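Just data.txt here, compact mmCIF, N, CA, C and O atoms:
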# COMPACT_ATOMS: atom_id res chain seq x y z
N MET A 1 -5.40 -45.29 11.91
CA MET A 1 -4.92 -44.59 13.07
C MET A 1 -3.77 -43.69 12.64
O MET A 1 -2.93 -44.07 11.85
N ALA A 2 -3.69 -42.50 13.21
CA ALA A 2 -2.63 -41.57 12.89
C ALA A 2 -1.31 -42.05 13.47
O ALA A 2 -1.29 -42.76 14.47
N PRO A 3 -0.19 -41.66 12.83
CA PRO A 3 1.10 -42.05 13.37
C PRO A 3 1.26 -41.52 14.79
O PRO A 3 0.81 -40.43 15.11
N SER A 4 1.90 -42.31 15.62
CA SER A 4 2.02 -41.89 17.02
C SER A 4 3.37 -41.22 17.25
O SER A 4 4.38 -41.60 16.70
N SER A 5 3.34 -40.21 18.09
CA SER A 5 4.56 -39.52 18.48
C SER A 5 5.14 -40.22 19.70
O SER A 5 4.45 -40.98 20.38
N PRO A 6 6.41 -39.97 19.99
CA PRO A 6 6.99 -40.57 21.20
C PRO A 6 6.23 -40.19 22.46
O PRO A 6 6.08 -41.00 23.38
N GLU A 7 5.69 -38.95 22.51
CA GLU A 7 4.94 -38.51 23.68
C GLU A 7 3.65 -39.30 23.83
O GLU A 7 3.28 -39.71 24.93
N SER A 8 2.95 -39.51 22.72
CA SER A 8 1.68 -40.24 22.82
C SER A 8 1.93 -41.71 23.13
O SER A 8 1.16 -42.33 23.86
N THR A 9 3.00 -42.27 22.61
CA THR A 9 3.35 -43.66 22.91
C THR A 9 3.67 -43.80 24.40
O THR A 9 3.23 -44.76 25.04
N ALA A 10 4.40 -42.86 24.95
CA ALA A 10 4.73 -42.90 26.38
C ALA A 10 3.48 -42.76 27.22
O ALA A 10 3.32 -43.46 28.23
N ALA A 11 2.57 -41.87 26.82
CA ALA A 11 1.33 -41.69 27.58
C ALA A 11 0.48 -42.96 27.53
O ALA A 11 -0.11 -43.35 28.54
N LEU A 12 0.43 -43.60 26.37
CA LEU A 12 -0.32 -44.85 26.26
C LEU A 12 0.31 -45.93 27.15
O LEU A 12 -0.40 -46.66 27.85
N ASP A 13 1.62 -46.01 27.15
CA ASP A 13 2.31 -46.99 28.00
C ASP A 13 2.01 -46.75 29.48
O ASP A 13 1.80 -47.70 30.24
N ILE A 14 1.95 -45.50 29.89
CA ILE A 14 1.62 -45.16 31.27
C ILE A 14 0.19 -45.60 31.57
O ILE A 14 -0.10 -46.15 32.63
N ASN A 15 -0.73 -45.37 30.63
CA ASN A 15 -2.12 -45.75 30.80
C ASN A 15 -2.24 -47.27 30.94
O ASN A 15 -2.97 -47.77 31.80
N ILE A 16 -1.55 -48.00 30.08
CA ILE A 16 -1.58 -49.47 30.14
C ILE A 16 -1.03 -49.95 31.48
O ILE A 16 -1.64 -50.80 32.14
N GLU A 17 0.09 -49.40 31.89
CA GLU A 17 0.71 -49.82 33.15
C GLU A 17 -0.20 -49.52 34.34
O GLU A 17 -0.35 -50.35 35.25
N ALA A 18 -0.86 -48.36 34.34
CA ALA A 18 -1.76 -48.01 35.45
C ALA A 18 -2.92 -49.00 35.53
O ALA A 18 -3.29 -49.46 36.62
N LEU A 19 -3.48 -49.34 34.38
CA LEU A 19 -4.59 -50.30 34.38
C LEU A 19 -4.13 -51.69 34.82
O LEU A 19 -4.82 -52.36 35.58
N GLN A 20 -2.98 -52.12 34.34
CA GLN A 20 -2.49 -53.45 34.70
C GLN A 20 -2.15 -53.54 36.17
O GLN A 20 -2.37 -54.57 36.80
N GLN A 21 -1.62 -52.48 36.75
CA GLN A 21 -1.34 -52.48 38.19
C GLN A 21 -2.63 -52.58 38.99
O GLN A 21 -2.67 -53.23 40.02
N ARG A 22 -3.66 -51.93 38.52
CA ARG A 22 -4.93 -51.90 39.26
C ARG A 22 -5.77 -53.16 39.05
O ARG A 22 -6.35 -53.69 39.98
N PHE A 23 -5.80 -53.67 37.81
CA PHE A 23 -6.72 -54.76 37.48
C PHE A 23 -6.05 -56.05 37.06
O PHE A 23 -6.73 -57.06 36.91
N GLY A 24 -4.76 -56.04 36.78
CA GLY A 24 -4.10 -57.23 36.26
C GLY A 24 -4.16 -57.22 34.74
O GLY A 24 -4.50 -56.23 34.11
N MET A 25 -3.84 -58.36 34.13
CA MET A 25 -3.76 -58.44 32.68
C MET A 25 -5.14 -58.53 32.01
O MET A 25 -5.29 -58.20 30.85
N VAL A 26 -6.14 -59.01 32.77
CA VAL A 26 -7.48 -59.23 32.23
C VAL A 26 -8.50 -58.56 33.15
O VAL A 26 -8.39 -58.64 34.37
N VAL A 27 -9.49 -57.91 32.54
CA VAL A 27 -10.56 -57.26 33.29
C VAL A 27 -11.87 -57.96 32.96
O VAL A 27 -12.13 -58.30 31.81
N ALA A 28 -12.71 -58.15 33.98
CA ALA A 28 -14.01 -58.79 33.77
C ALA A 28 -15.03 -58.17 34.71
O ALA A 28 -14.70 -57.34 35.56
N GLY A 29 -16.27 -58.58 34.57
CA GLY A 29 -17.33 -58.18 35.49
C GLY A 29 -17.61 -56.70 35.52
O GLY A 29 -17.53 -56.00 34.50
N ARG A 30 -17.92 -56.21 36.71
CA ARG A 30 -18.27 -54.79 36.89
C ARG A 30 -17.15 -53.86 36.47
O ARG A 30 -17.39 -52.78 35.95
N ASP A 31 -15.91 -54.29 36.73
CA ASP A 31 -14.78 -53.44 36.34
C ASP A 31 -14.74 -53.23 34.83
O ASP A 31 -14.50 -52.13 34.36
N LEU A 32 -15.00 -54.28 34.07
CA LEU A 32 -15.02 -54.16 32.61
C LEU A 32 -16.14 -53.23 32.16
O LEU A 32 -15.93 -52.35 31.33
N VAL A 33 -17.30 -53.41 32.73
CA VAL A 33 -18.45 -52.56 32.39
C VAL A 33 -18.11 -51.10 32.64
O VAL A 33 -18.33 -50.23 31.79
N ARG A 34 -17.56 -50.81 33.81
CA ARG A 34 -17.25 -49.42 34.17
C ARG A 34 -16.12 -48.83 33.34
O ARG A 34 -16.17 -47.67 32.94
N LEU A 35 -15.07 -49.62 33.08
CA LEU A 35 -13.95 -49.10 32.30
C LEU A 35 -14.36 -48.75 30.88
O LEU A 35 -13.80 -47.84 30.28
N LEU A 36 -15.32 -49.47 30.35
CA LEU A 36 -15.79 -49.18 29.00
C LEU A 36 -16.85 -48.08 28.99
O LEU A 36 -17.35 -47.70 27.93
N GLY A 37 -17.20 -47.56 30.16
CA GLY A 37 -18.08 -46.41 30.24
C GLY A 37 -19.56 -46.70 30.27
O GLY A 37 -20.36 -45.78 30.07
N TYR A 38 -19.94 -47.93 30.53
CA TYR A 38 -21.37 -48.26 30.61
C TYR A 38 -21.85 -48.07 32.03
O TYR A 38 -21.17 -48.44 32.98
N ARG A 39 -23.03 -47.50 32.17
CA ARG A 39 -23.58 -47.24 33.51
C ARG A 39 -24.16 -48.48 34.13
O ARG A 39 -24.21 -48.61 35.35
N THR A 40 -24.62 -49.42 33.30
CA THR A 40 -25.23 -50.64 33.83
C THR A 40 -24.75 -51.85 33.04
O THR A 40 -24.29 -51.73 31.90
N SER A 41 -24.91 -53.01 33.66
CA SER A 41 -24.59 -54.26 32.97
C SER A 41 -25.52 -54.48 31.79
O SER A 41 -25.12 -55.05 30.77
N ALA A 42 -26.76 -54.02 31.92
CA ALA A 42 -27.72 -54.16 30.82
C ALA A 42 -27.26 -53.37 29.60
O ALA A 42 -27.39 -53.85 28.46
N ALA A 43 -26.73 -52.17 29.81
CA ALA A 43 -26.23 -51.37 28.70
C ALA A 43 -25.03 -52.06 28.04
O ALA A 43 -24.88 -52.06 26.82
N PHE A 44 -24.19 -52.66 28.86
CA PHE A 44 -23.04 -53.41 28.35
C PHE A 44 -23.51 -54.58 27.49
O PHE A 44 -23.03 -54.79 26.38
N ARG A 45 -24.48 -55.34 28.00
CA ARG A 45 -25.01 -56.49 27.25
C ARG A 45 -25.62 -56.04 25.92
O ARG A 45 -25.48 -56.72 24.90
N GLN A 46 -26.29 -54.90 25.93
CA GLN A 46 -26.88 -54.37 24.70
C GLN A 46 -25.78 -54.04 23.68
O GLN A 46 -25.91 -54.31 22.48
N ALA A 47 -24.68 -53.46 24.15
CA ALA A 47 -23.55 -53.15 23.26
C ALA A 47 -22.93 -54.44 22.71
O ALA A 47 -22.54 -54.48 21.54
N VAL A 48 -22.86 -55.48 23.53
CA VAL A 48 -22.36 -56.77 23.05
C VAL A 48 -23.28 -57.27 21.94
O VAL A 48 -22.82 -57.70 20.87
N HIS A 49 -24.57 -57.21 22.19
CA HIS A 49 -25.55 -57.67 21.21
C HIS A 49 -25.42 -56.90 19.89
O HIS A 49 -25.52 -57.47 18.81
N ARG A 50 -25.18 -55.60 20.00
CA ARG A 50 -25.06 -54.74 18.81
C ARG A 50 -23.66 -54.79 18.20
O ARG A 50 -23.39 -54.13 17.20
N GLN A 51 -22.75 -55.49 18.85
CA GLN A 51 -21.36 -55.59 18.42
C GLN A 51 -20.70 -54.21 18.34
O GLN A 51 -20.01 -53.90 17.37
N SER A 52 -20.92 -53.41 19.37
CA SER A 52 -20.39 -52.05 19.37
C SER A 52 -19.53 -51.74 20.59
O SER A 52 -19.44 -50.58 20.99
N LEU A 53 -18.90 -52.74 21.16
CA LEU A 53 -18.10 -52.51 22.37
C LEU A 53 -16.87 -51.64 22.12
O LEU A 53 -16.51 -50.82 22.94
N GLY A 54 -16.18 -51.88 21.03
CA GLY A 54 -14.95 -51.13 20.76
C GLY A 54 -13.70 -51.88 21.15
O GLY A 54 -12.61 -51.51 20.72
N VAL A 55 -13.81 -52.90 21.98
CA VAL A 55 -12.68 -53.75 22.32
C VAL A 55 -13.08 -55.21 22.14
O VAL A 55 -14.26 -55.55 22.24
N ARG A 56 -12.10 -56.03 21.88
CA ARG A 56 -12.35 -57.46 21.72
C ARG A 56 -12.53 -58.09 23.09
O ARG A 56 -11.74 -57.85 23.99
N THR A 57 -13.60 -58.84 23.24
CA THR A 57 -13.83 -59.56 24.49
C THR A 57 -13.76 -61.05 24.23
O THR A 57 -13.85 -61.49 23.08
N PHE A 58 -13.58 -61.81 25.29
CA PHE A 58 -13.45 -63.25 25.17
C PHE A 58 -13.94 -63.90 26.44
O PHE A 58 -14.20 -63.23 27.44
N PHE A 59 -14.06 -65.22 26.40
CA PHE A 59 -14.47 -66.00 27.55
C PHE A 59 -13.30 -66.84 28.02
O PHE A 59 -12.49 -67.29 27.20
N ILE A 60 -13.23 -67.07 29.31
CA ILE A 60 -12.22 -67.95 29.88
C ILE A 60 -12.94 -69.22 30.33
O ILE A 60 -13.93 -69.14 31.08
N LEU A 61 -12.45 -70.34 29.88
CA LEU A 61 -13.06 -71.62 30.20
C LEU A 61 -13.20 -71.78 31.72
O LEU A 61 -12.24 -71.55 32.47
N GLY A 62 -14.39 -72.12 32.16
CA GLY A 62 -14.64 -72.33 33.58
C GLY A 62 -15.00 -71.07 34.36
O GLY A 62 -15.19 -71.14 35.57
N ARG A 63 -15.07 -69.94 33.69
CA ARG A 63 -15.45 -68.69 34.35
C ARG A 63 -16.64 -68.09 33.65
O ARG A 63 -16.84 -68.27 32.46
N ARG A 64 -17.42 -67.34 34.41
CA ARG A 64 -18.60 -66.69 33.84
C ARG A 64 -18.25 -65.31 33.32
O ARG A 64 -17.40 -64.63 33.86
N GLY A 65 -18.97 -64.89 32.29
CA GLY A 65 -18.86 -63.52 31.80
C GLY A 65 -17.74 -63.29 30.81
O GLY A 65 -16.88 -64.13 30.60
N ARG A 66 -17.79 -62.13 30.23
CA ARG A 66 -16.80 -61.71 29.25
C ARG A 66 -15.59 -61.09 29.93
O ARG A 66 -15.70 -60.51 31.00
N CYS A 67 -14.48 -61.16 29.25
CA CYS A 67 -13.22 -60.58 29.72
C CYS A 67 -12.61 -59.77 28.58
O CYS A 67 -12.94 -59.97 27.42
N ALA A 68 -11.71 -58.87 28.93
CA ALA A 68 -10.95 -58.11 27.94
C ALA A 68 -9.56 -57.86 28.49
O ALA A 68 -9.36 -57.81 29.71
N ARG A 69 -8.61 -57.74 27.60
CA ARG A 69 -7.24 -57.43 28.03
C ARG A 69 -7.17 -55.97 28.45
O ARG A 69 -7.72 -55.09 27.78
N THR A 70 -6.48 -55.71 29.54
CA THR A 70 -6.35 -54.33 30.00
C THR A 70 -5.63 -53.46 28.98
O THR A 70 -5.96 -52.29 28.81
N SER A 71 -4.67 -54.02 28.27
CA SER A 71 -3.96 -53.23 27.26
C SER A 71 -4.90 -52.81 26.13
O SER A 71 -4.78 -51.69 25.62
N ASP A 72 -5.85 -53.67 25.75
CA ASP A 72 -6.82 -53.30 24.72
C ASP A 72 -7.74 -52.17 25.20
O ASP A 72 -8.06 -51.26 24.44
N ILE A 73 -8.14 -52.25 26.46
CA ILE A 73 -9.01 -51.21 27.03
C ILE A 73 -8.27 -49.88 27.10
O ILE A 73 -8.81 -48.84 26.73
N ALA A 74 -7.02 -49.91 27.56
CA ALA A 74 -6.23 -48.68 27.66
C ALA A 74 -6.03 -48.06 26.28
O ALA A 74 -6.15 -46.84 26.11
N ARG A 75 -5.73 -48.89 25.28
CA ARG A 75 -5.52 -48.39 23.92
C ARG A 75 -6.81 -47.77 23.37
O ARG A 75 -6.80 -46.68 22.81
N TRP A 76 -7.93 -48.46 23.59
CA TRP A 76 -9.23 -47.97 23.13
C TRP A 76 -9.55 -46.62 23.78
O TRP A 76 -9.96 -45.66 23.12
N ALA A 77 -9.37 -46.53 25.10
CA ALA A 77 -9.66 -45.29 25.82
C ALA A 77 -8.75 -44.16 25.35
O ALA A 77 -9.20 -43.04 25.13
N PHE A 78 -7.48 -44.47 25.16
CA PHE A 78 -6.51 -43.47 24.73
C PHE A 78 -6.86 -42.95 23.34
O PHE A 78 -6.83 -41.75 23.08
N GLU A 79 -7.22 -43.86 22.43
CA GLU A 79 -7.57 -43.46 21.06
C GLU A 79 -8.83 -42.61 21.01
O GLU A 79 -9.04 -41.85 20.06
N HIS A 80 -9.68 -42.72 22.03
CA HIS A 80 -10.91 -41.95 22.07
C HIS A 80 -10.80 -40.71 22.96
O HIS A 80 -11.81 -40.12 23.33
N GLY A 81 -9.58 -40.35 23.31
CA GLY A 81 -9.34 -39.10 24.03
C GLY A 81 -9.65 -39.13 25.51
O GLY A 81 -9.77 -38.08 26.13
N ALA A 82 -9.77 -40.33 26.09
CA ALA A 82 -10.02 -40.41 27.53
C ALA A 82 -8.78 -39.96 28.28
O ALA A 82 -7.66 -40.17 27.84
N PRO A 83 -8.96 -39.34 29.44
CA PRO A 83 -7.81 -38.94 30.25
C PRO A 83 -7.09 -40.18 30.77
O PRO A 83 -7.64 -41.28 30.79
N LEU A 84 -5.86 -39.98 31.21
CA LEU A 84 -5.12 -41.09 31.79
C LEU A 84 -5.89 -41.65 32.97
O LEU A 84 -6.52 -40.92 33.73
N ILE A 85 -5.83 -42.94 33.13
CA ILE A 85 -6.57 -43.62 34.18
C ILE A 85 -5.72 -43.64 35.44
O ILE A 85 -4.57 -44.05 35.41
N GLN A 86 -6.32 -43.18 36.52
CA GLN A 86 -5.65 -43.19 37.81
C GLN A 86 -6.29 -44.25 38.68
O GLN A 86 -7.51 -44.40 38.66
N GLY A 87 -5.50 -44.97 39.45
CA GLY A 87 -6.04 -46.03 40.30
C GLY A 87 -7.10 -45.55 41.27
O GLY A 87 -8.04 -46.26 41.59
N ALA A 88 -6.98 -44.32 41.76
CA ALA A 88 -7.92 -43.80 42.74
C ALA A 88 -9.29 -43.50 42.14
O ALA A 88 -10.24 -43.28 42.87
N GLU A 89 -9.40 -43.50 40.82
CA GLU A 89 -10.69 -43.19 40.18
C GLU A 89 -11.70 -44.31 40.36
O GLU A 89 -12.88 -44.11 40.16
N PHE A 90 -11.24 -45.49 40.73
CA PHE A 90 -12.13 -46.64 40.83
C PHE A 90 -12.23 -47.07 42.28
O PHE A 90 -11.23 -47.26 42.95
N LYS A 91 -13.46 -47.20 42.74
CA LYS A 91 -13.68 -47.71 44.09
C LYS A 91 -13.32 -49.18 44.11
O LYS A 91 -13.38 -49.86 43.11
N SER A 92 -12.97 -49.64 45.27
CA SER A 92 -12.60 -51.04 45.41
C SER A 92 -13.78 -51.95 45.09
O SER A 92 -14.90 -51.69 45.50
N THR A 93 -13.51 -53.00 44.35
CA THR A 93 -14.52 -54.00 44.07
C THR A 93 -14.62 -54.89 45.30
O THR A 93 -13.62 -55.26 45.90
N PRO A 94 -15.86 -55.27 45.72
CA PRO A 94 -15.99 -56.14 46.88
C PRO A 94 -15.14 -57.38 46.71
O PRO A 94 -15.10 -58.00 45.66
N GLY A 95 -14.43 -57.72 47.77
CA GLY A 95 -13.57 -58.90 47.75
C GLY A 95 -12.16 -58.62 47.26
O GLY A 95 -11.29 -59.45 47.31
N ARG A 96 -11.91 -57.40 46.78
CA ARG A 96 -10.59 -57.04 46.28
C ARG A 96 -9.86 -56.24 47.36
O ARG A 96 -10.38 -55.24 47.84
N SER A 97 -8.69 -56.67 47.76
CA SER A 97 -7.95 -55.93 48.78
C SER A 97 -7.07 -54.90 48.12
O SER A 97 -6.60 -55.07 47.01
N GLU A 98 -6.83 -53.80 48.82
CA GLU A 98 -6.01 -52.72 48.26
C GLU A 98 -4.86 -52.44 49.18
O GLU A 98 -4.87 -52.50 50.31
Rewrite the coordinates I just gave you, this time as structure tokens.
Amino acid sequence: MAPSSPESTAALDINIEALQQRFGMVVAGRDLVRLLGYRTSAAFRQAVHRQSLGVRTFFILGRRGRCARTSDIARWAFEHGAPLIQGAEFKSTPGRSE
């Protein structure tokens, strides 16, 4: 990775904070699939199978599905030139109050 400038570090910190405010420290389910840019859960599962997700995922005991840290997702998106993530870009997940 190239050395980071103070501007890029600040932008990454803003991206991490925006994601954490919207999703918390850990992202799972449909939100994880969408944040990583997959159109379907099947495409996400195929990437898991191929080991090509780009972020480290893990399981939480007693819960279904894979999870990822929001900071890892923000860093991955930032390194790949994704624009800053805005909370309004994501529709509310059913059962999530805003």
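In this model, the gap between CA of Ala77 in chain A and CA of Arg64 in chain A comes to 24.5 Å.
Coordinates place atom O of Leu53 in chain A at a distance of 15.4 Å from CA of Val26 in chain A.
Note that the spacing between atom C of Thr70 in chain A and atom N of Thr9 in chain A amounts to 15.5 Å.
For the choices A:Glu17, A:Ser8, A:Ala43, A:Ala28, the atom-to-atom distance to Phe58 in chain A is smallest for A:Ala28 when using only C-alpha atoms.
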Taking only C-alpha atoms into account, name the residue in A:Ile73, A:Ala42, A:Ala82, A:Ile16 that is nearest to Thr57 in chain A.
A:Ile73
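Residue nearest His80 in chain A within the list A:Val55, A:Cys67, A:Ala10, A:Val48: A:Val55 [criterion: smallest interatomic distance, only C-alpha atoms].
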